[in-house]
Amino acid sequence: MINAYMLTANGTLARIDWSSQEPLPDTVIWIDLQNPSADEETCVENALGVDIPTHEEMSEIEVSSRLYQEDNAYFLTAAVLSRADTGSPSLEPVTFVLIGHRLVTVRYSDPMPFRAFAAQVVRPGFGVVTGEGILAGLLDAITDRIADLLEATQRTLDGVAQEIFANRDATRVTGAIDYQDVLRRVGTSQVLVSRVRESLLTLSRLSAFLSRPGGQKTDKALARSFKTVARDVMALSDHALFLTSNINFMLDATLGMINIEQTGIIKIFSVAAVVFLPPTLIASVYGMNFSFMPELHWSFGYPFAIGLMILSAILPYVYFKHKGWL
């Protein structure tokens, strides 16, 4: 699908329907290729005189394959987070082709920043309506989305911490902690932060490529925008690294609490076994079928055996309570 945005007379952008049968208007500033077919790629290539990278070429991990220049065109590929709200986030390559003051984006996914930016760019007062401005705005929208995801992850981890380290009395009132759910949330946060760090790495390389000496010439306002994006990416990378260490701590704490709970359960069974061992021994002794037993014909033999079993159960219990083992 081809989404073309042209500059109108009042200085704003408007989306137009453009097909291969029509010449490309000179006022088109941004061409967004979403899941393009071979014919659509050929159409844009013929209109702009550049080779649009394929999905396989966009997915290559070499930096030289993701960031390069051909003649007056800059090809910048970044891994953008997609489907972050579904619990199964994925990284999808997005290529930005900057040709003079015109931008072409090639993507095979529908990340939220693109949807939000496409709705924002057609509003009056957007700002710089050039290819460089669109690129700066898209990068800013992507970093804003990553910042929101990291903040949401931080809130999730704060909730996990409160649940894990809650007061034991409060836990008894609200019920036992579902450690399986806790581990699931911690694992989901780890997957998300891992994807975010990979995306930030590609964005950091892209920002460095744009700001390198002899790179794309932009005015001072756009240069400041690119520098701001680079600083935001660096700050978000530090935050993601902090969250990674926090997630590892939460995972260790959760596993530790699970071990404590299991140890407590095993301790209860061990104490119960020790408490009932003496009464069982006494009952076994008096359950033997020997003909000559001193208490066999004694009228107080039965209550004596019962009392002895109760006493032998109480004494270990009192001893354990005195030692603080219960």
# chains A, B, ... in the order shown; residues from 1 in each chain; ligands from 1

$ select_by_dssp --residues "range 78-326 of chain A" --states "alpha helix (DSSP H)" --output "JSON, numbers by chain"
{"A": [112, 113, 114, 115, 116, 117, 118, 119, 120, 121, 131, 132, 133, 134, 135, 136, 137, 138, 139, 140, 141, 142, 143, 144, 145, 146, 147, 148, 149, 150, 151, 152, 153, 154, 155, 156, 157, 158, 159, 160, 161, 162, 163, 164, 168, 169, 170, 171, 172, 173, 174, 179, 180, 181, 182, 183, 184, 185, 186, 187, 188, 189, 190, 191, 192, 193, 194, 195, 196, 197, 198, 199, 200, 201, 202, 203, 204, 205, 206, 207, 208, 209, 210, 220, 221, 222, 223, 224, 225, 226, 227, 228, 229, 230, 231, 232, 233, 234, 235, 236, 237, 238, 239, 240, 241, 242, 243, 244, 245, 246, 247, 248, 249, 250, 251, 252, 253, 254, 255, 256, 257, 258, 259, 260, 261, 262, 263, 264, 265, 266, 267, 268, 269, 270, 271, 272, 273, 274, 275, 276, 277, 278, 279, 280, 281, 282, 283, 284, 285, 286, 301, 302, 303, 304, 305, 306, 307, 308, 309, 310, 311, 312, 313, 314, 315, 316, 317, 318, 319, 320, 321, 322, 323]}

$ residues_around --residues "range 275-291 of chain A" --least-positions-apart "4" --cutoff "10 Å" --atoms "only C-alpha atoms" --output "VMD selection string"
chain A and resid 269 to 271 295 to 296 301 to 302 305 to 318 320

$ residues_around --residues "Thr27 in chain A" --least-positions-apart "6" --cutoff "12 Å" --atoms "only C-alpha atoms" --output "MDAnalysis selection string"
chainID A and resid 4:9 11:16 101:103 129:131

$ residues_around --residues "Asp39 in chain A" --least-positions-apart "2" --cutoff "12 Å" --atoms "only C-alpha atoms" --output "list of chain:residue names"
A:Met1, A:Ile2, A:Ser19, A:Ser20, A:Gln21, A:Leu33, A:Asn35, A:Pro36, A:Ser37, A:Glu41, A:Thr42, A:Cys43, A:Val44, A:Glu45, A:Asn46, A:Ile52

$ write_last_selection --atoms "N, CA, C and O atoms" --output "compact mmCIF listing (two decimals), in the first residue's frame"
# COMPACT_ATOMS: atom_id res chain seq x y z
N MET A 1 0.85 -1.19 0.00
CA MET A 1 0.00 0.00 0.00
C MET A 1 0.89 1.24 0.00
O MET A 1 1.88 1.31 0.73
N ILE A 2 0.55 2.21 -0.83
CA ILE A 2 1.31 3.45 -0.94
C ILE A 2 0.50 4.56 -0.29
O ILE A 2 -0.63 4.84 -0.68
N SER A 19 -1.13 6.48 -7.79
CA SER A 19 -0.93 5.18 -8.43
C SER A 19 0.15 5.32 -9.49
O SER A 19 0.59 6.42 -9.84
N SER A 20 0.57 4.17 -10.02
CA SER A 20 1.64 4.16 -11.01
C SER A 20 1.21 4.79 -12.33
O SER A 20 2.06 5.15 -13.15
N GLN A 21 -0.08 4.91 -12.57
CA GLN A 21 -0.54 5.48 -13.83
C GLN A 21 -0.40 7.00 -13.84
O GLN A 21 -0.54 7.64 -14.89
N LEU A 33 5.49 3.37 2.26
CA LEU A 33 5.19 2.07 1.67
C LEU A 33 4.95 1.07 2.79
O LEU A 33 5.88 0.69 3.51
N ASN A 35 3.76 -2.71 3.60
CA ASN A 35 3.58 -4.01 2.95
C ASN A 35 3.48 -3.86 1.44
O ASN A 35 2.51 -4.30 0.81
N PRO A 36 4.48 -3.23 0.82
CA PRO A 36 4.37 -2.95 -0.62
C PRO A 36 4.50 -4.22 -1.45
O PRO A 36 5.25 -5.14 -1.10
N SER A 37 3.79 -4.24 -2.53
CA SER A 37 3.93 -5.32 -3.51
C SER A 37 5.10 -5.00 -4.43
O SER A 37 5.67 -3.90 -4.41
N GLU A 41 6.67 -1.27 -5.37
CA GLU A 41 8.08 -0.92 -5.24
C GLU A 41 8.65 -0.43 -6.57
O GLU A 41 9.39 0.57 -6.60
N THR A 42 8.30 -1.10 -7.64
CA THR A 42 8.78 -0.68 -8.97
C THR A 42 8.26 0.70 -9.32
O THR A 42 8.97 1.52 -9.92
N CYS A 43 7.03 0.96 -8.96
CA CYS A 43 6.43 2.27 -9.24
C CYS A 43 7.21 3.39 -8.55
O CYS A 43 7.53 4.42 -9.16
N VAL A 44 7.53 3.20 -7.28
CA VAL A 44 8.27 4.22 -6.53
C VAL A 44 9.71 4.33 -7.04
O VAL A 44 10.26 5.43 -7.15
N GLU A 45 10.31 3.21 -7.39
CA GLU A 45 11.68 3.23 -7.91
C GLU A 45 11.75 4.02 -9.22
O GLU A 45 12.68 4.81 -9.44
N ASN A 46 10.78 3.81 -10.09
CA ASN A 46 10.78 4.53 -11.36
C ASN A 46 10.51 6.02 -11.16
O ASN A 46 11.06 6.86 -11.88
N ILE A 52 14.52 0.52 -4.09
CA ILE A 52 13.90 0.29 -2.79
C ILE A 52 14.36 -1.06 -2.26
O ILE A 52 14.25 -2.08 -2.96

$ select_by_dssp --residues "range 22-239 of chain A" --states "strand (DSSP E or B)" --output "ChimeraX atom specification"
/A:28-34,67-70,73-82,90-99,102-107
